[in-house]
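S.K.: Once you've had a glance at the structure underneath, I'll fire off some questions.
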Amino acid sequence: MTSYAQQERHAICDSFVRLGPDAPTIDDPWLARDLAAHLAIRDSRPDLALGMFVPPLKGRLDAAMHALASGDWPTLVDRVRTGPPKWSPTRVGRVDEAVNGMEFFIHHEDLLRGAPGFERRALDVGLERSLWDSLKRGGKLMFRKVPSGVVLVAEGHGRAAVSKPGESGTVILRGTPGELMLFASGRGRVAEVELDGPGDAVAELEAAHLGMG
């Protein structure tokens with residue numbers, strides 16, 4: 001079985017090398033060096049990564065990220081490419097795919113789409129299928145804060161209801177699995193999708209906080 005988590009891990013590292021540490025990302029003000037530091041900490045320092053969700057720990061996380069981002073760039077990229085330490089559960093293939101498959105795809109797009117005039121890359125069929133499966137499994141969590149109904153439609157893959165209809169109705173959200181994943185993770189401003197539904201329902205979806213966080 002192809003490991004798309006590993007495929008995207010190596011692909012983003014190749015892009016880090018090609019674009020350099022000061023390349024912009026769509027997560028302004030993060031640069032490539034900040035994104036790489038985030039991934040390195042997420043891999044090997046779960047105690048620090050908690051700072052993303054626990055405000056009192058954010059200071060320690062920020063300090064560690066700054067130290068990594070300010071250090072030697074090739075060393076940081078190699079650390080991301082090498083991946084988590086041997087004791088990490090994500091060393092197990094299926095765990096890695098579940099935990100990192102979406103994460104590395106999304107962050108690779110964060111980097112690629114930060115460049116002015118970026119060109120959307122063609123994804124292989126297997127990766128698209130993997131992203132669609134992830135959306136079907138996790139879509140209700142990612143769209144949980146949307147008060148309107150949401151149905152995802154990906155041609156060739158099917159449809160999935162990820163939010164129950166509210167008073168304003170239901171939005172049909174169409175796109176490829178990759179573009180739908182970007183929208184679902186809160187990156188609607190760069191996702192190439194079509195929204196069809198009542199105006200109020202569309203407005204609620206566009207205003208909602210999406211993603212796992």
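Residues are referred to by chain and number: the chain letter is A, B, ... according to the order shown in the structure tokens, the number counts from 1 in that chain, and ligands are numbered separately from 1 in the order shown.
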Hey, which bits of stretch 55-87 of chain A sit within 12 Å of stretch 104-118 of chain A, and for each residue what's the closest pair of atoms and how far apart in Å (one decimal), counting only C-alpha atoms, rows by chain and increasing number, as JSON lines?
M.R.:
{"residue": "A:Val80", "atom": "CA", "partner": "A:Phe104", "partner_atom": "CA", "distance": 10.6}
{"residue": "A:Arg81", "atom": "CA", "partner": "A:Phe104", "partner_atom": "CA", "distance": 11.3}
{"residue": "A:Gly83", "atom": "CA", "partner": "A:Phe104", "partner_atom": "CA", "distance": 11.6}
S.K.: Could you find all residues in stretch 88-136 of chain A that DSSP calls alpha helix (DSSP H) from the backbone, and write them as an NGL selection string?
M.R.: :A and (93-112 or 125-136)
S.K.: Pull N, CA, C and O atoms from the residues just selected and write them as a tab-separated table (two decimals), in the first residue's frame.
M.R.:
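The file below, part33.tsv, is the result:
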chain	number	residue	atom	x	y	z
A	93	GLY	N	3.01	2.31	10.08
A	93	GLY	CA	2.47	2.81	8.82
A	93	GLY	C	1.04	3.29	8.88
A	93	GLY	O	0.73	4.41	8.43
A	94	ARG	N	0.15	2.49	9.43
A	94	ARG	CA	-1.27	2.87	9.45
A	94	ARG	C	-1.52	4.07	10.36
A	94	ARG	O	-2.37	4.91	10.07
A	95	VAL	N	-0.79	4.13	11.45
A	95	VAL	CA	-0.93	5.28	12.35
A	95	VAL	C	-0.41	6.54	11.66
A	95	VAL	O	-1.03	7.60	11.71
A	96	ASP	N	0.74	6.41	11.00
A	96	ASP	CA	1.31	7.53	10.26
A	96	ASP	C	0.33	8.05	9.22
A	96	ASP	O	0.11	9.27	9.10
A	97	GLU	N	-0.30	7.14	8.48
A	97	GLU	CA	-1.24	7.56	7.44
A	97	GLU	C	-2.43	8.30	8.05
A	97	GLU	O	-2.88	9.32	7.53
A	98	ALA	N	-2.94	7.77	9.16
A	98	ALA	CA	-4.11	8.38	9.80
A	98	ALA	C	-3.79	9.74	10.39
A	98	ALA	O	-4.58	10.68	10.30
A	99	VAL	N	-2.60	9.87	11.00
A	99	VAL	CA	-2.23	11.10	11.70
A	99	VAL	C	-1.64	12.15	10.76
A	99	VAL	O	-1.89	13.35	10.90
A	100	ASN	N	-0.85	11.69	9.78
A	100	ASN	CA	-0.06	12.63	8.98
A	100	ASN	C	-0.47	12.76	7.52
A	100	ASN	O	0.02	13.66	6.83
A	101	GLY	N	-1.32	11.87	7.04
A	101	GLY	CA	-1.70	11.94	5.63
A	101	GLY	C	-2.28	13.29	5.24
A	101	GLY	O	-1.78	13.97	4.33
A	102	MET	N	-3.32	13.70	5.94
A	102	MET	CA	-3.95	15.00	5.68
A	102	MET	C	-3.00	16.14	6.02
A	102	MET	O	-2.90	17.13	5.28
A	103	GLU	N	-2.33	16.01	7.16
A	103	GLU	CA	-1.50	17.10	7.68
A	103	GLU	C	-0.43	17.53	6.68
A	103	GLU	O	-0.26	18.72	6.39
A	104	PHE	N	0.30	16.56	6.14
A	104	PHE	CA	1.39	16.91	5.24
A	104	PHE	C	0.88	17.38	3.88
A	104	PHE	O	1.49	18.26	3.27
A	105	PHE	N	-0.24	16.83	3.42
A	105	PHE	CA	-0.83	17.35	2.19
A	105	PHE	C	-1.22	18.81	2.35
A	105	PHE	O	-0.89	19.67	1.52
A	106	ILE	N	-1.94	19.11	3.42
A	106	ILE	CA	-2.42	20.47	3.65
A	106	ILE	C	-1.26	21.45	3.78
A	106	ILE	O	-1.25	22.53	3.16
A	107	HIS	N	-0.26	21.09	4.58
A	107	HIS	CA	0.85	22.02	4.78
A	107	HIS	C	1.73	22.15	3.53
A	107	HIS	O	2.32	23.21	3.30
A	108	HIS	N	1.80	21.10	2.72
A	108	HIS	CA	2.52	21.24	1.46
A	108	HIS	C	1.82	22.26	0.57
A	108	HIS	O	2.46	23.12	-0.05
A	109	GLU	N	0.49	22.21	0.54
A	109	GLU	CA	-0.26	23.19	-0.23
A	109	GLU	C	-0.12	24.60	0.37
A	109	GLU	O	-0.08	25.59	-0.36
A	110	ASP	N	-0.04	24.68	1.70
A	110	ASP	CA	0.20	25.98	2.35
A	110	ASP	C	1.47	26.62	1.80
A	110	ASP	O	1.53	27.83	1.56
A	111	LEU	N	2.48	25.80	1.62
A	111	LEU	CA	3.76	26.30	1.11
A	111	LEU	C	3.68	26.62	-0.37
A	111	LEU	O	4.05	27.72	-0.80
A	112	LEU	N	3.17	25.70	-1.17
A	112	LEU	CA	3.13	25.89	-2.62
A	112	LEU	C	2.26	27.08	-3.01
A	112	LEU	O	2.60	27.86	-3.91
A	125	VAL	N	-4.35	9.72	-8.67
A	125	VAL	CA	-5.68	9.21	-8.31
A	125	VAL	C	-5.70	8.61	-6.92
A	125	VAL	O	-6.66	8.78	-6.16
A	126	GLY	N	-4.63	7.92	-6.56
A	126	GLY	CA	-4.58	7.30	-5.24
A	126	GLY	C	-4.60	8.30	-4.11
A	126	GLY	O	-5.28	8.11	-3.09
A	127	LEU	N	-3.88	9.41	-4.27
A	127	LEU	CA	-3.86	10.45	-3.25
A	127	LEU	C	-5.24	11.10	-3.13
A	127	LEU	O	-5.73	11.35	-2.03
A	128	GLU	N	-5.87	11.36	-4.29
A	128	GLU	CA	-7.22	11.95	-4.26
A	128	GLU	C	-8.18	11.01	-3.52
A	128	GLU	O	-9.00	11.46	-2.71
A	129	ARG	N	-8.07	9.73	-3.79
A	129	ARG	CA	-8.96	8.76	-3.14
A	129	ARG	C	-8.71	8.73	-1.63
A	129	ARG	O	-9.65	8.67	-0.83
A	130	SER	N	-7.43	8.82	-1.24
A	130	SER	CA	-7.09	8.82	0.18
A	130	SER	C	-7.65	10.06	0.87
A	130	SER	O	-8.19	9.98	1.98
A	131	LEU	N	-7.54	11.21	0.21
A	131	LEU	CA	-8.08	12.45	0.78
A	131	LEU	C	-9.60	12.39	0.89
A	131	LEU	O	-10.19	12.85	1.88
A	132	TRP	N	-10.25	11.80	-0.10
A	132	TRP	CA	-11.70	11.67	-0.05
A	132	TRP	C	-12.12	10.75	1.11
A	132	TRP	O	-13.07	11.06	1.84
A	133	ASP	N	-11.41	9.66	1.29
A	133	ASP	CA	-11.71	8.77	2.42
A	133	ASP	C	-11.54	9.51	3.75
A	133	ASP	O	-12.33	9.33	4.68
A	134	SER	N	-10.52	10.35	3.83
A	134	SER	CA	-10.29	11.13	5.06
A	134	SER	C	-11.42	12.12	5.29
A	134	SER	O	-11.85	12.33	6.43
A	135	LEU	N	-11.91	12.71	4.22
A	135	LEU	CA	-13.03	13.65	4.35
A	135	LEU	C	-14.29	12.94	4.81
A	135	LEU	O	-15.04	13.46	5.64
A	136	LYS	N	-14.53	11.76	4.28
A	136	LYS	CA	-15.72	11.01	4.70
A	136	LYS	C	-15.64	10.63	6.18
A	136	LYS	O	-16.64	10.64	6.89
S.K.: Need the shell around A:Leu180: protein/DNA/RNA residues with any atom at most 9 Å away, counting only C-alpha atoms. Skip same-chain ones fewer than 3 positions apart. Format as a list in words?
M.R.: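 Here the answer would be Leu131, Trp132, Leu135, Leu152, Val153, Ala154, Leu173, Arg174, Gly175, Thr176, Pro177, Phe183, Ala184, Ser185, Gly188, Ala191, Glu192 and Val193 of chain A.
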S.K.: Kindly export the residues of the current selection with N, CA and C atoms, as a tab-separated table (two decimals), in the first residue's frame.
M.R.:
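For reference, part-v6.tsv as written:
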chain	number	residue	atom	x	y	z
A	131	LEU	N	-7.54	11.21	0.21
A	131	LEU	CA	-8.08	12.45	0.78
A	131	LEU	C	-9.60	12.39	0.89
A	132	TRP	N	-10.25	11.80	-0.10
A	132	TRP	CA	-11.70	11.67	-0.05
A	132	TRP	C	-12.12	10.75	1.11
A	135	LEU	N	-11.91	12.71	4.22
A	135	LEU	CA	-13.03	13.65	4.35
A	135	LEU	C	-14.29	12.94	4.81
A	152	LEU	N	-20.71	17.42	0.62
A	152	LEU	CA	-19.54	17.46	-0.24
A	152	LEU	C	-19.78	16.58	-1.46
A	153	VAL	N	-19.41	17.10	-2.62
A	153	VAL	CA	-19.56	16.34	-3.87
A	153	VAL	C	-18.24	16.38	-4.61
A	154	ALA	N	-17.66	15.21	-4.86
A	154	ALA	CA	-16.42	15.11	-5.62
A	154	ALA	C	-16.68	14.18	-6.80
A	173	LEU	N	-21.21	21.61	-1.76
A	173	LEU	CA	-19.83	22.06	-1.93
A	173	LEU	C	-19.14	21.09	-2.89
A	174	ARG	N	-18.79	21.58	-4.09
A	174	ARG	CA	-18.22	20.73	-5.14
A	174	ARG	C	-16.75	21.05	-5.38
A	175	GLY	N	-15.99	20.00	-5.65
A	175	GLY	CA	-14.57	20.19	-5.98
A	175	GLY	C	-13.87	18.85	-6.01
A	176	THR	N	-12.60	18.85	-6.31
A	176	THR	CA	-11.81	17.62	-6.21
A	176	THR	C	-11.56	17.34	-4.73
A	177	PRO	N	-11.25	16.11	-4.38
A	177	PRO	CA	-10.97	15.83	-2.97
A	177	PRO	C	-9.89	16.72	-2.37
A	183	PHE	N	-10.54	23.40	1.69
A	183	PHE	CA	-11.67	24.18	2.19
A	183	PHE	C	-12.04	23.71	3.60
A	184	ALA	N	-12.13	22.40	3.77
A	184	ALA	CA	-12.54	21.85	5.06
A	184	ALA	C	-11.58	22.18	6.18
A	185	SER	N	-10.31	22.43	5.84
A	185	SER	CA	-9.30	22.75	6.85
A	185	SER	C	-9.19	24.25	7.10
A	188	GLY	N	-10.44	28.13	2.65
A	188	GLY	CA	-11.37	28.41	1.58
A	188	GLY	C	-10.92	29.51	0.64
A	191	ALA	N	-8.93	27.59	-1.97
A	191	ALA	CA	-9.48	26.34	-2.48
A	191	ALA	C	-10.36	26.62	-3.71
A	192	GLU	N	-10.19	25.81	-4.73
A	192	GLU	CA	-10.98	25.94	-5.96
A	192	GLU	C	-12.20	25.04	-5.85
A	193	VAL	N	-13.27	25.59	-5.29
A	193	VAL	CA	-14.50	24.84	-5.07
A	193	VAL	C	-15.69	25.67	-5.55
S.K.: Using only C-alpha atoms, which of the listed residues (A:Val190, A:Asp43, A:Met142, A:Glu179) sits closest to A:Ala161?
M.R.: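 Closest candidate: A:Met142.
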S.K.: I'd like to know which of A:Pro147, A:Gly71, A:Pro56, A:Pro198 is closest to A:Pro21, using only C-alpha atoms.
M.R.: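 Checking each of A:Pro147, A:Gly71, A:Pro56, A:Pro198 against A:Pro21, counting only C-alpha atoms, the winner is A:Gly71.
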S.K.: So that I can check the surroundings of A:Ser163, please list as number ranges by chain every protein, DNA and RNA residue that reaches within 12 Å of it, counting only C-alpha atoms and ignoring chain neighbours fewer than 6 positions away.
M.R.: A: 136, 138-152, 169-173, 184, 201, 205, 210
S.K.: Using only C-alpha atoms, pick whichever of A:Val17, A:Ala63, A:Ile41, A:Ser168 has the shortest atom-to-atom distance to A:Asp200.
M.R.: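 Using only C-alpha atoms, A:Asp200 sits closest to A:Ser168.
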S.K.: Using only C-alpha atoms, which of the listed residues (A:Leu48, A:Leu39, A:Ala32, A:Leu61) sits closest to A:Trp73?
M.R.: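 Of A:Leu48, A:Leu39, A:Ala32, A:Leu61, the one nearest A:Trp73, counting only C-alpha atoms, is A:Ala32.
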S.K.: Between A:Glu119, A:Ser15, A:Gly213, A:Arg159, which residue has the minimum interatomic distance to A:Val54, considering only C-alpha atoms?
M.R.: A:Gly213
S.K.: In Å, rounded to a single decimal, give me how far atom CA of A:Arg79 is from atom CA of A:His10.
M.R.: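 So the answer is 11.2 Å.
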S.K.: Looking at only C-alpha atoms, which of A:Glu167, A:Pro46, A:Arg121, A:Thr75 is the one that sits closest to A:Pro89?
M.R.: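 Nearest candidate to A:Pro89 out of A:Glu167, A:Pro46, A:Arg121, A:Thr75: A:Pro46.
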S.K.: If you measure from atom CA of A:Ala160 to atom CA of A:Met212, what distance in Å do you get, rounded to one decimal?
M.R.: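 We find that atom CA of A:Ala160 and atom CA of A:Met212 lie 17.5 Å from each other.
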S.K.: By how many Å are atom CA of A:Gln6 and atom CA of A:Arg91 apart?
M.R.: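 Separation of atom CA of A:Gln6 and atom CA of A:Arg91: 10.6 Å.
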